[in-house]
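> Structure in structure tokens, see below.
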Amino acid sequence: MVASEQFRPAPLVAVFDFGYEEVARQVKTRGGISNKIALERSLQLGVSEELAKLERNMNWLATTASVSPFIGLFGTVLGIIRAFQDLGQQGATSLRAVGPGISDALVATAVGLFAAIPAAIFYNHFGHAIREIGARMDDFSLEFLNMAERSFGD
């Protein structure tokens with residue numbers, strides 16, 4: 001396991017550690033791998049744990065991407081309300097009367113989009129990367145099972 005230490009931050013190392021510990025336990029007590037299902041479950045636990053770590057903060061991106069446009073829309077509505085109130089108070093239909101309210105409305109819309117668009121892009125980007133890493137961990141688990149069976153199987 002010393003070789004795996006240099007790659008410690010990689011999710012595959014944790015999956016390897018789960019499998020290695022189960023193989024070592026079975027080989028020590030039985031002289032070989034007699035319970036392939038236990039090894040498979042250990043590897044799957046490693047994959048599940050690593051995926052959970054990778055997905056931990058994805059909910060913040062999803063929430064930001066979905067809620068920010070509505071916050072911007074709320075600001076837009078407030079800005080338009082302000083524009084109409086100013087229009088009613090001044091009694092004049094000029095750009096000077098409605099300009100500040102409309103300006104606030106457009107700024108609120110822009111801020112909402114400024115937060116939502118990058119959050120949606122990064123959510124999709126990281127979601128794809130996590131799915132790809134998950135598939136690689138599943139493939140690694142299968143390869144680990146094959147290697148363990150060839151090396152220590154009964």
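Ordering of the structure tokens sets the chain letters (A, B, ...); residue numbers start at 1 within each chain; ligands are numbered from 1 in the order shown.
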Do you know which residues are at most 8 Å from Phe18 (chain A) counting only C-alpha atoms, after dropping those on the same chain fewer than 2 positions away, and could you put them as number ranges by chain?

A: 14-16, 20-22, 42-43, 45-46

> I'd like to know which of A:Ile133, A:Leu12, A:Glu5, A:Leu39 is closest to Met147 (chain A), using only C-alpha atoms.

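Using only C-alpha atoms, the shortest distance to Met147 (chain A) belongs to A:Leu39.
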
> My list of candidates is A:Ala108, A:Ile117, A:Met137, A:Leu145. Which is closest to Ile33 (chain A) when distances are computed with only C-alpha atoms?

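Closest candidate: A:Leu145.
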
> Do you know which residues are at most 6 Å from Ile80 (chain A) counting only C-alpha atoms, after dropping those on the same chain fewer than 2 positions away, and could you put them as JSON, numbers by chain?

{"A": [77, 78, 82, 83, 101, 102]}
